[in-house]
Amino acid sequence: MANEDFYIGANDEHGVNPPTPGKRTPYIAELGRQIYENEFNRAAKNAFIEGCMRQDFSVYDVKPEQQDISISQRVQRINSQNLTLLVTFAYNAFGEEFNDASGLEVFYSPLNRRSSESRRLAQNLYDELIKGTSQQGRGVKTLDIGVMSSVNCPSSLIEAGFMTNLKEAMLMINPLFQTEVGEEACHGVCDYLGVNYLSRNNLSNYPLLKIGSRGNFVYLLQFILKENYSYNLSVDGIFGNATLSAVRDFQNNNSLTVDGLVGNNTWKTLLSLPPYPLLRQGDSGAYVKLLQQLLESNLIAVNGIDGIFGSKTLAAVRLFQQEKGLDVDGLVGNNTWSALVER
């Protein structure tokens, strides 16, 4: 089978601002808020979708909405699609206060009509996920909820950590961890399907795109621009004028050559890949957004993830440098980046 013949379902549990407990962290004083479970679930799902697009899989987003959708409605959607398999992203909780419960686990349902395949999928996912984390491995387990037991395809659910563990709660808003979980899940799907995995960080895997280009990498480009950078684009796999305009705007906002060509420098910035640039007050763009997200995941509030290195971000950088014993100069160079990405 060609990779495009595999039809992969991606599902994220819950929605924004859920009304019931167990779907958000306890209050975090340093950030002045709670973290909602879906802040992780949706980001990890989107990273998984990006990875699947890069493999040239066909992808179905079960819940593109921000709000919660009932399990029964999601099961109906899934069973109408004739999917090859389904992966669901979730985060665990134990009690309502921070505690020591921790670890990563993957579930399948023995009631699924293709339970043996679901178990194999869960094991492949777990094997890849546990390679890339220092978290406790809690293994592959069984759980009977509709998105696993009532769907007509192999199905597994990833619980990537405990939101009631402060360290793992902060991983929920760490973009590198979100991406890692999505990518490792994609790798696990490739293992399950017996196809080669194309890595995210190898720029040679990304073709040069320009107006008129078509295909899975145009889908990927459009999806990243829409989901990560809020451009109003149709994800249709056709590099037309709207995509060209978004690419040019992104290049301009990130101090890239504004030529509308998506080559290595544009791909690298879209994906916020290392090596990371020197940043200072006045800078803006994708890497400043990454900086702000990493500061918050290190319990340093920046008061808004806007991709603009202003006075509040400068104060947050200086506080982070002070806490880590670094030179407090407000410049984000190699040493500061290394401390930010350490987990």
# chains A, B, ... in the order shown; residues from 1 in each chain; ligands from 1
>>> residues_around(residues="Gln73 of chain A", least_positions_apart="3", cutoff="10 Å", atoms="only C-alpha atoms", output="VMD selection string")
chain A and resid 62 to 63 69 to 70 76 to 78 146 to 147
>>> residues_around(residues="segment 214-227 of chain A", least_positions_apart="6", cutoff="9 Å", atoms="only C-alpha atoms", output="list in words")
Glu4, Asn46, Ile49, Glu50, Gly51, Met53, Arg54, Gln55, Asp56, Phe57, Ser58, Tyr206, Pro207, Leu233, Ser234, Val235, Asp236, Gly237, Ile238, Phe239, Thr243, Ala246, Val247, Phe250, Val262, Trp267, Leu270 and Leu271 of chain A
>>> residues_around(residues="segment 30-43 of chain A", least_positions_apart="2", cutoff="9 Å", atoms="only C-alpha atoms", output="PyMOL selection string")
chain A and resi 11-18+22-28+45-48+64+66+88-92+163+169-175+178-179+182+296+299-303
>>> residues_around(residues="segment 188-197 of chain A", least_positions_apart="6", cutoff="8 Å", atoms="only C-alpha atoms", output="list in words")
Asn3, Gln55, Arg120, Leu121, Asn124, Leu125, Tyr126, Asp127, Glu128 and Leu129 of chain A
>>> closest_residue(among="A:His187, A:Asn202, A:Asp306, A:Thr133", to="Glu342 of chain A", atoms="only C-alpha atoms")
A:Thr133
>>> residues_around(residues="Asn334 of chain A", least_positions_apart="2", cutoff="12 Å", atoms="only C-alpha atoms", output="PyMOL selection string")
chain A and resi 274-279+326-327+331-332+336-341
>>> select_by_dssp(residues="segment 84-296 of chain A", states="helix (DSSP H, G or I)", output="count of residues only")
95
>>> select_by_dssp(residues="segment 62-293 of chain A", states="strand (DSSP E)", output="list in words")
Leu85, Leu86, Val87, Thr88, Phe89, Ala90, Tyr91, Asn92, Leu104, Glu105, Val106, Phe107, Tyr108, Gly137, Arg138, Gly139, Val140, Lys141, Thr142, Ser155, Ser156, Leu157, Ile158, Glu159, Ala160, Gly161 and Phe162 of chain A
>>> residues_around(residues="Leu111 of chain A", least_positions_apart="2", cutoff="9 Å", atoms="only C-alpha atoms", output="list in words")
Tyr108, Ser109, Arg113, Arg114, Ser115, Asp144, Met148, Ser149 and Ser150 of chain A
>>> decode(residues="segment 263-279 of chain A", atoms="all heavy atoms", output="compact mmCIF listing (two decimals), in the first residue's frame")
# COMPACT_ATOMS: atom_id res chain seq x y z
N GLY A 263 11.70 27.20 1.52
CA GLY A 263 12.91 26.39 1.51
C GLY A 263 13.37 26.12 2.93
O GLY A 263 12.61 26.26 3.89
N ASN A 264 14.63 25.74 3.08
CA ASN A 264 15.14 25.31 4.38
C ASN A 264 14.96 26.36 5.48
O ASN A 264 14.56 26.03 6.60
CB ASN A 264 16.62 24.94 4.27
CG ASN A 264 16.83 23.56 3.69
OD1 ASN A 264 15.87 22.83 3.44
ND2 ASN A 264 18.08 23.19 3.47
N ASN A 265 15.28 27.62 5.20
CA ASN A 265 15.20 28.64 6.25
C ASN A 265 13.76 28.86 6.71
O ASN A 265 13.49 29.03 7.91
CB ASN A 265 15.79 29.96 5.76
CG ASN A 265 17.30 29.89 5.62
OD1 ASN A 265 17.95 29.08 6.26
ND2 ASN A 265 17.86 30.75 4.79
N THR A 266 12.82 28.84 5.76
CA THR A 266 11.42 29.03 6.13
C THR A 266 10.89 27.81 6.86
O THR A 266 10.19 27.94 7.88
CB THR A 266 10.57 29.36 4.89
OG1 THR A 266 11.07 30.56 4.29
CG2 THR A 266 9.12 29.56 5.26
N TRP A 267 11.22 26.60 6.37
CA TRP A 267 10.79 25.38 7.08
C TRP A 267 11.36 25.36 8.50
O TRP A 267 10.65 25.06 9.46
CB TRP A 267 11.24 24.13 6.34
CG TRP A 267 10.38 23.68 5.20
CD1 TRP A 267 10.72 23.57 3.90
CD2 TRP A 267 9.01 23.24 5.28
NE1 TRP A 267 9.68 23.10 3.14
CE2 TRP A 267 8.61 22.88 3.97
CE3 TRP A 267 8.09 23.12 6.32
CZ2 TRP A 267 7.33 22.42 3.67
CZ3 TRP A 267 6.81 22.65 6.04
CH2 TRP A 267 6.44 22.30 4.74
N LYS A 268 12.65 25.68 8.64
CA LYS A 268 13.29 25.65 9.95
C LYS A 268 12.57 26.58 10.93
O LYS A 268 12.34 26.22 12.10
CB LYS A 268 14.76 26.06 9.84
CG LYS A 268 15.50 26.15 11.17
CD LYS A 268 16.95 26.60 10.95
CE LYS A 268 17.69 26.74 12.27
NZ LYS A 268 17.14 27.83 13.12
N THR A 269 12.19 27.77 10.45
CA THR A 269 11.54 28.74 11.32
C THR A 269 10.10 28.34 11.60
O THR A 269 9.61 28.46 12.73
CB THR A 269 11.60 30.14 10.69
OG1 THR A 269 12.96 30.44 10.36
CG2 THR A 269 11.08 31.20 11.64
N LEU A 270 9.40 27.83 10.60
CA LEU A 270 8.03 27.35 10.81
C LEU A 270 7.99 26.29 11.91
O LEU A 270 7.08 26.25 12.73
CB LEU A 270 7.47 26.75 9.52
CG LEU A 270 6.97 27.71 8.45
CD1 LEU A 270 6.85 27.00 7.12
CD2 LEU A 270 5.63 28.31 8.86
N LEU A 271 9.00 25.42 11.92
CA LEU A 271 9.07 24.31 12.87
C LEU A 271 9.81 24.68 14.15
O LEU A 271 9.87 23.86 15.08
CB LEU A 271 9.76 23.11 12.21
CG LEU A 271 9.05 22.54 10.97
CD1 LEU A 271 9.99 21.60 10.22
CD2 LEU A 271 7.77 21.82 11.34
N SER A 272 10.40 25.89 14.20
CA SER A 272 11.20 26.35 15.35
C SER A 272 12.27 25.33 15.72
O SER A 272 12.45 24.96 16.87
CB SER A 272 10.29 26.64 16.56
OG SER A 272 9.39 27.67 16.28
N LEU A 273 13.02 24.89 14.71
CA LEU A 273 14.05 23.89 14.92
C LEU A 273 15.34 24.54 15.41
O LEU A 273 15.63 25.70 15.09
CB LEU A 273 14.35 23.15 13.61
CG LEU A 273 13.22 22.29 13.02
CD1 LEU A 273 13.69 21.66 11.71
CD2 LEU A 273 12.76 21.24 13.99
N PRO A 274 16.15 23.80 16.18
CA PRO A 274 17.50 24.28 16.52
C PRO A 274 18.40 24.20 15.29
O PRO A 274 18.07 23.48 14.34
CB PRO A 274 17.93 23.30 17.61
CG PRO A 274 17.12 22.06 17.40
CD PRO A 274 15.82 22.52 16.81
N PRO A 275 19.53 24.93 15.29
CA PRO A 275 20.03 25.77 16.39
C PRO A 275 19.18 27.03 16.55
O PRO A 275 18.75 27.62 15.57
CB PRO A 275 21.46 26.10 15.96
CG PRO A 275 21.45 25.96 14.46
CD PRO A 275 20.47 24.89 14.15
N TYR A 276 18.97 27.41 17.82
CA TYR A 276 18.12 28.55 18.13
C TYR A 276 18.91 29.85 18.01
O TYR A 276 20.08 29.92 18.38
CB TYR A 276 17.56 28.41 19.55
CG TYR A 276 16.76 27.14 19.75
CD1 TYR A 276 17.14 26.22 20.73
CD2 TYR A 276 15.65 26.86 18.97
CE1 TYR A 276 16.41 25.05 20.91
CE2 TYR A 276 14.92 25.69 19.15
CZ TYR A 276 15.31 24.79 20.13
OH TYR A 276 14.59 23.63 20.31
N PRO A 277 18.27 30.90 17.51
CA PRO A 277 18.99 32.17 17.28
C PRO A 277 19.16 32.96 18.57
O PRO A 277 18.44 32.77 19.55
CB PRO A 277 18.06 32.90 16.31
CG PRO A 277 16.69 32.42 16.68
CD PRO A 277 16.87 30.96 17.05
N LEU A 278 20.12 33.87 18.55
CA LEU A 278 20.26 34.85 19.63
C LEU A 278 19.06 35.79 19.58
O LEU A 278 18.74 36.37 18.54
CB LEU A 278 21.56 35.64 19.45
CG LEU A 278 21.78 36.81 20.43
CD1 LEU A 278 21.99 36.28 21.84
CD2 LEU A 278 22.97 37.65 19.98
N LEU A 279 18.38 35.93 20.72
CA LEU A 279 17.23 36.81 20.81
C LEU A 279 17.48 37.92 21.82
O LEU A 279 18.15 37.71 22.83
CB LEU A 279 15.97 36.03 21.22
CG LEU A 279 15.47 34.93 20.28
CD1 LEU A 279 14.26 34.24 20.88
CD2 LEU A 279 15.15 35.50 18.90
